[in-house]
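Below is one structure, written out as structure tokens; comments come after it.
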Protein chains: 2
Amino acid sequence: MNTAPISLALHGGAGTINRDQMSPEKEANYRATLQLALQTGYALLEKGASALDAVEATVKVLEDSPLFNAGKGAVFTNTGTHEMDASIMDGSNLEAGAVAGVSGIKNPISLSRMVMEKSEHVLLMGEGALEFAKTQNIAQENADYFYDELRFNQLQEAKKNNVTQLDHSPLNEKKYGTVGAVALDVQGNIAAATSTGGMTNKKFGRVGDSPIIGAGNYANNATCAVSCTGSGEFFIRGVVAYDVSCLMEYKGLSLEDACNEVVHNRLLKINGDGGLVAVDAQGNVSLPFNTSGMYRAAKTSEGIDFVEIYK
Amino acid sequence: MNTAPISLALHGGAGTINRDQMSPEKEANYRATLQLALQTGYALLEKGASALDAVEATVKVLEDSPLFNAGKGAVFTNTGTHEMDASIMDGSNLEAGAVAGVSGIKNPISLSRMVMEKSEHVLLMGEGALEFAKTQNIAQENADYFYDELRFNQLQEAKKNNVTQLDHSPLNEKKYGTVGAVALDVQGNIAAATSTGGMTNKKFGRVGDSPIIGAGNYANNATCAVSCTGSGEFFIRGVVAYDVSCLMEYKGLSLEDACNEVVHNRLLKINGDGGLVAVDAQGNVSLPFNTSGMYRAAKTSEGIDFVEIYK
């Protein structure tokens with residue numbers, strides 16, 4: 001048998017994730033949801049679905065869980081709303097779609113895909129993006145759907161301490177709850193998808209790297225598909241996702257060497273912390289991070305199959 | 001005498017700009033404003049000012065002119081408002097600031113700089129960015145200031161034809177009126193600034209490449225400073241500004257070779273049209289475009305000094 005390789009890798013955020021702060025029940029919940037997302041996307045790839053379909057379906061599972069900072073689990077802004085960002089890119093033709101600062105959309109990753117496929121644009125923001133959403137048949141949800149007691153308490157805590165939290169975790173931790181997935185399909189095409197709720201207590205319409213093509217998300221069959229999670233401002237300044245691609249294309253590095261160079265060297269030089277997941281068209285996967293943990297999982301036709309949280 | 005080199009290059013948009021559609025008076029107006037912007041920035045560099053100050057001052061002159069699609073000359077959105085985007089980046093430390101979809105701000109480039117220097121963030125959008133602006137001492141202007149009869153007629157024409165114009169010119173032309181500047185200062189630091197009013201008749205909160213670090217704007221002392229103008233969606237998908245930098249850093253290309261490769265090869269492959277201006281830390285400048293014209297100017301301590309419009 002000589003079938004083409006398939007691969008899927010995903011993340012549910014990187015940060016300070018320590019064993020001693022995690023109960024067995026909580027850890028089991030995280031692992032089960034990561035496994036469900038992995039299996040959902042991988043099953044599609046096995047049936048011959050496109051990488052684009054696989055990454056969207058994988059991210060939707062993570063968006064629909066309250067455990068991760070995206071979709072249903074999105075953190076609260078300073079004014080008690082949810083402003084979500086997402087992006088998707090098709091490595092076969094370099095087409096891309098993204099939304100920034102959208103509220104009330106059940107699956108921002110699916111809205112990103114509609115921007116890519118049903119508009120002439122790449123990035124739509126705020127109320128305008130919601131006007132576009134109304135022209136499409138996309139699921140909307142009210143504030144009750146997005147309400148989560150843990151997240152609400154995190155907002156009160158952040159307001160009390162007058163900080164904008166870079167994460168969705170207690171103040172003594174740093175955790176970036178962005179979610180994302182990358183995949184290689186049986187046709188040899190790769191794709192990347194990223195979705196986030198941004199920062200707890202965020203003000204001023206802050207946008208991080210997640211909806212920025214080249215920063216938090218990138219895909220190109222010739223090199224790699226990448227989805228990032230971390231301190232968004234540093235990922236924008238480092239143009240992190242495209243940096244991995246350029247190190248492969250222009251310097252001839254392997255996927256793993258390019259990912260490690262970006263996460264463990266170039267990103268650290270500008271004090272950026274976080275991680276990323278990446279695949280290439282040969283089916284290799286890489287999931288580096290420079291924090292103490294990253295919710296992550298990968299499965300490939302070459303026998304890789306894991307769900308991990310800690311370093 | 002052995003002084004360090006200084007350089008400034010700027011653009012006022014690329015596109016279909018033909019001699020036969022330009023009256024002598026109109027051309028003289030464009031040339032005079034480009035010359036004023038060039039001289040304003042270069043005079044600062046001669047006095048020892050930073051590249052950051054020079055590019056901001058240069059772009060402000062272009063924003064304050066009704067001739068270019070930024071600031072006072074910004075085009076109308078579908079709803080008759082102005083939504084402007086801008087970004088700035090400091091090559092000495094890779095710090096950056098940007099705003100997307102802001103209204104009523106006289107100089108969006110200066111607001112971008114405040115985001116960089118006075119906030120923890122890189123990119124602020126829409127109403128939130130305006131809330132941030134209110135916390136800063138920045139000039140605001142009402143709708144009258146931004147009203148321009150030519151632009152208003154362009155909106156009516158675009159609405160009548162039900163098109164979103166990628167430019168601020170008659171329908172039979174394509175012109176991208178974004179403005180931008182790059183500079184090298186006597187300290188050896190480089191910087192880039194870009195500002196735009198986006199697309200006539202734009203809807204849905206569309207954001208182009210101008211406020212996206214890596215796409216429409218980038219600066220790194222180790223390589224180059226770049227400001228782009230063109231079909232924004234393609235510049236985002238091509239991560240154009242950072243692509244020039246990567247070709248220099250990872251492949252060893254000169255500034256000119258890297259710029260030409262991106263504008264005349266890679267961008268064309270994805271059907272992107274437009275151009276860019278770039279400088280490196282040695283004082284070289286490059287101003288390539290793949291359209292019939294680009295409003296542009298450059299001046300360096302090595303004797304380059306021109307204002308040009310056509311190919």
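Residue names in the structure tokens use chain letters A, B, ... in the order shown, residue numbers from 1 in each chain, and ligand numbers from 1 in the order shown.
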Find the residues of chain B in contact range of chain A, meaning any atom within 9 Å when counting only C-alpha atoms, and list them as a count of residues only. 46
Can you list, as JSON, numbers by chain, all residues belonging to region 24-248 of chain A that DSSP tags as strand (DSSP E)? {"A": [84, 85, 86, 87, 88, 89, 90, 95, 96, 97, 98, 99, 100, 101, 102, 123, 124, 125, 175, 176, 179, 180, 181, 182, 183, 184, 190, 191, 192, 193, 194, 195, 196, 206, 207, 217, 218, 219, 224, 225, 226, 227, 228, 229, 230]}
Please report, as a ChimeraX atom specification, each residue of region 9-198 of chain B to which DSSP assigns alpha helix (DSSP H) when run on this structure's backbone. /B:24-46,51-63,108-118,126-134,143-146,149-160
Between B:Ser92, B:Gly230, B:Ala86, B:Thr300, which residue has the minimum interatomic distance to Ala43 (chain B), considering only C-alpha atoms?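 Nearest candidate to Ala43 (chain B) out of B:Ser92, B:Gly230, B:Ala86, B:Thr300: B:Thr300.
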Considering only C-alpha atoms, state which residue in the set B:Phe289, B:Ala281, B:Ala298, B:Val163 is at the smallest distance from Val262 (chain B).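 Distance minimum relative to Val262 (chain B) lands on B:Phe289.
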